[in-house]
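For reference, the structure discussed in these notes is given below.
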Amino acid sequence: MTKLMRCLRESSIEAFVLSLEIINKLSISYRLQTFAFLFCNAWELLLKAKLVADKRKIFYRKKRGKPRLSLSLDDCLARLFTDASDPIKLNIERVAELRNNAMHLVIPAVPPDVMALFQAGVINYCNKLREWLGVEISQRIPLGMMSLVYDVDPSAHSLDGALLKRKVPSQSLIWLKAFQDSVRAQADDLGTARDQFYIPINLNLALVKNPKAADVLLSPGPGGKEAILVEVPKNPDTTHPYRQKDVIAAVNSRITAPHAINSYDLLCVRKVYNIGAKAEFYYKSKFASPQYSGAFVDWIVEECEKNPDFFTVAKTKCKAG
């Protein structure tokens with residue numbers, strides 16, 4: 001991996017994570033414009049990283065006396081998505097259109113069809129990041145961040161509602177309505193490829209005994225079809241509370257072995273069984289040490305019970321490469 005490709009990749013991921021942080025903060029009134037800007041920036045950098053990986057140029061021909069310029073988002077898309085009807089390409093183009101126009105408008109809320117466009121784009125980015133560069137976004141951020149936060153009161157975001165009519169200038173409302181109508185029509189025309197372009201978010205309230213215990217919410221689409229799965233965001237300090245020394249102490253207290261395990265034993269298990277790629281066991285933020293779940297401790301104990309030489313085998317495999 002070249003230094004340029006690595007810088008493009010990391011900058012792209014940083015812009016993407018920032019876009020999620022902004023869109024998921026309901027208290028920020030400028031979140032639509034900010035998300036669109038960062039989202040497009042993240043895609044442009046990702047596309048350029050892919051072009052570099054394919055040993056293709058990302059700069060225009062330099063003109064004498066002019067600064068060197070890199071490819072625009074549109075030109076990057078044209079090089080990597082040759083099919084003009086590709087739903088992923090269409091999604092990026094519509095968000096870019098929103099970015100270009102929304103910068104000149106006052107929009108203090110995110111309308112439903114715009115949020116559906118954003119949600120599909122978020123999933124598309126994660127899939128292409130994995131496909132093109134082999135990066136799992138789940139190793140960088142909690143998966144719950146990718147389920148965009150939406151207000152449970154539809155009237156607060158409806159362009160026909162009295163609330164937005166009071167807050168949004170008439171010219172902004174006219175443009176947004178036309179934009180939403182065209183996005184919805186475009187989604188209908190895509191048929192089975194619709195989910196890569198547009199994922200509507202439906203929220204329903206229900207009385208349950210313990211809502212805080214829920215890990216997943218299911219909301220059926222029209223007629224019980226096209227169900228959308230939404231993961232409830234979780235706090236990694238709750239789901240993955242163990243540091244390395246905590247895992248070692250917990251395992252040693254539960255297994256019977258000739259020798260207590262140490263950090264090297266755990267490192268070998270991590271490498272041999274690719275624990276870093278298993279979100280149910282492992283979490284690593286950008287600014288902190290790795291964290292582990294209780295399920296990881298249980299898994300180690302179970303493996304030791306099945307095979308007393310579990311750690312010995314892991315160390316042997318690790319040394320063998």
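Every chain in the structure tokens takes a letter, A first, then B, and so on in the order presented; its residues are numbered from 1, and the ligands are numbered from 1 following the presented order.
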
Note to self: Give me the residues near Asn91 of chain A as a ChimeraX atom specification, where near means some atom within 12 Å (using only C-alpha atoms) and where sequence neighbours in that chain fewer than 5 positions away do not count.
What the structure shows: /A:36,39-40,43,77,81,84-86,96-98,114-125,183-184,186-187,190,193-199

The selected residues should be written to file as an mmCIF file, in the first residue's frame (atoms: C-alpha atoms).
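Written file, result00.cif:
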```
data_model
loop_
_atom_site.group_PDB
_atom_site.id
_atom_site.type_symbol
_atom_site.label_atom_id
_atom_site.label_comp_id
_atom_site.auth_asym_id
_atom_site.auth_seq_id
_atom_site.Cartn_x
_atom_site.Cartn_y
_atom_site.Cartn_z
ATOM 1 C CA ALA A 36 -23.938 15.897 2.738
ATOM 2 C CA PHE A 39 -20.409 12.202 2.948
ATOM 3 C CA CYS A 40 -19.415 13.406 -0.527
ATOM 4 C CA TRP A 43 -16.763 9.073 -1.169
ATOM 5 C CA LEU A 77 -17.561 8.256 -10.342
ATOM 6 C CA PHE A 81 -19.041 3.307 -12.153
ATOM 7 C CA ALA A 84 -24.984 5.302 -15.596
ATOM 8 C CA SER A 85 -27.909 3.460 -13.969
ATOM 9 C CA ASP A 86 -25.866 1.955 -11.112
ATOM 10 C CA ALA A 96 -23.967 15.621 -4.205
ATOM 11 C CA GLU A 97 -26.847 17.504 -5.817
ATOM 12 C CA LEU A 98 -28.304 18.081 -2.369
ATOM 13 C CA VAL A 114 -33.592 12.707 2.215
ATOM 14 C CA MET A 115 -32.908 10.538 5.254
ATOM 15 C CA ALA A 116 -33.775 7.441 3.173
ATOM 16 C CA LEU A 117 -31.188 8.566 0.616
ATOM 17 C CA PHE A 118 -28.587 9.063 3.369
ATOM 18 C CA GLN A 119 -29.262 5.662 4.970
ATOM 19 C CA ALA A 120 -28.695 3.783 1.715
ATOM 20 C CA GLY A 121 -25.538 5.797 1.070
ATOM 21 C CA VAL A 122 -24.091 4.908 4.469
ATOM 22 C CA ILE A 123 -24.518 1.176 3.857
ATOM 23 C CA ASN A 124 -23.122 1.484 0.320
ATOM 24 C CA TYR A 125 -19.987 3.202 1.608
ATOM 25 C CA VAL A 183 -35.882 10.960 -5.417
ATOM 26 C CA ARG A 184 -39.005 8.966 -4.603
ATOM 27 C CA GLN A 186 -36.278 7.475 -9.053
ATOM 28 C CA ALA A 187 -36.383 4.910 -6.246
ATOM 29 C CA LEU A 190 -35.058 1.124 -9.764
ATOM 30 C CA ALA A 193 -32.055 -2.356 -6.907
ATOM 31 C CA ARG A 194 -33.953 0.223 -4.869
ATOM 32 C CA ASP A 195 -32.298 -0.560 -1.527
ATOM 33 C CA GLN A 196 -28.893 0.558 -2.803
ATOM 34 C CA PHE A 197 -30.374 3.939 -3.624
ATOM 35 C CA TYR A 198 -33.049 4.592 -1.024
ATOM 36 C CA ILE A 199 -33.899 2.953 2.318
#
```

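Minimum atom-to-atom distance to Ile13 of chain A, evaluated using only C-alpha atoms, belongs to A:Glu136 out of A:Asp54, A:Asp74, A:Glu136, A:Asp189.
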
Margin query: Show me, as a PyMOL selection string, the residues that have an atom within 12 Å of segment 46-48 of chain A when counting only C-alpha atoms, minus same-chain residues fewer than 3 positions from it.
Written below: chain A and resi 4-16+39-43+51-59+70-81+89+92+124-133+135

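Atom pair atom CA of Tyr60 of chain A / atom CA of Asn101 of chain A: separated by 25.7 Å.
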
Note to self: Just the number, please: distance in Å from atom CA of Tyr264 of chain A to atom CA of Lys319 of chain A, one decimal.
What the structure shows: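 One can read the atom CA of Tyr264 of chain A to atom CA of Lys319 of chain A distance as 11.5 Å.
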
Next item on the list: Just the residues within 10 Å of Glu280 of chain A, please, counting only C-alpha atoms, with nothing from its chain fewer than 4 positions along; format it as a PyMOL selection string.
Entry: chain A and resi 239-240+275-276+292-296

Could those selected residues go to a file with N, CA and C atoms, as a PDB file, in the first residue's frame?
```pdb
ATOM      1  N   THR A 239     -21.112  -3.235  26.304  1.00  0.00           N
ATOM      2  CA  THR A 239     -21.076  -4.482  25.547  1.00  0.00           C
ATOM      3  C   THR A 239     -19.701  -5.142  25.551  1.00  0.00           C
ATOM      4  N   HIS A 240     -18.633  -4.347  25.669  1.00  0.00           N
ATOM      5  CA  HIS A 240     -17.256  -4.865  25.657  1.00  0.00           C
ATOM      6  C   HIS A 240     -16.484  -4.252  26.830  1.00  0.00           C
ATOM      7  N   ILE A 275      -9.624 -12.640  16.013  1.00  0.00           N
ATOM      8  CA  ILE A 275     -10.612 -12.073  16.941  1.00  0.00           C
ATOM      9  C   ILE A 275     -10.925 -10.618  16.615  1.00  0.00           C
ATOM     10  N   GLY A 276      -9.939  -9.901  16.081  1.00  0.00           N
ATOM     11  CA  GLY A 276     -10.157  -8.491  15.753  1.00  0.00           C
ATOM     12  C   GLY A 276     -11.248  -8.251  14.731  1.00  0.00           C
ATOM     13  N   TYR A 292     -12.964  -6.050  25.158  1.00  0.00           N
ATOM     14  CA  TYR A 292     -13.482  -7.377  24.865  1.00  0.00           C
ATOM     15  C   TYR A 292     -14.826  -7.588  25.572  1.00  0.00           C
ATOM     16  N   SER A 293     -15.619  -8.475  25.000  1.00  0.00           N
ATOM     17  CA  SER A 293     -16.939  -8.748  25.564  1.00  0.00           C
ATOM     18  C   SER A 293     -16.892  -9.945  26.511  1.00  0.00           C
ATOM     19  N   GLY A 294     -17.953 -10.070  27.293  1.00  0.00           N
ATOM     20  CA  GLY A 294     -18.088 -11.240  28.153  1.00  0.00           C
ATOM     21  C   GLY A 294     -18.205 -12.516  27.333  1.00  0.00           C
ATOM     22  N   ALA A 295     -18.771 -12.384  26.110  1.00  0.00           N
ATOM     23  CA  ALA A 295     -18.900 -13.546  25.228  1.00  0.00           C
ATOM     24  C   ALA A 295     -17.528 -14.074  24.824  1.00  0.00           C
ATOM     25  N   PHE A 296     -16.537 -13.174  24.724  1.00  0.00           N
ATOM     26  CA  PHE A 296     -15.186 -13.607  24.375  1.00  0.00           C
ATOM     27  C   PHE A 296     -14.588 -14.449  25.510  1.00  0.00           C
TER      28      PHE A 296
END
```

Next item on the list: May I ask for the distance between atom CA of Leu32 of chain A and atom CA of Pro142 of chain A, given in Å to one decimal place?
Entry: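 So the two atoms, atom CA of Leu32 of chain A and atom CA of Pro142 of chain A, lie 21.7 Å apart.
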
Checklist line | Long-range neighbours of Gln291 of chain A as a count of residues only, 8 Å cut-off, only C-alpha atoms, 2 positions minimum in chain | finding: 11
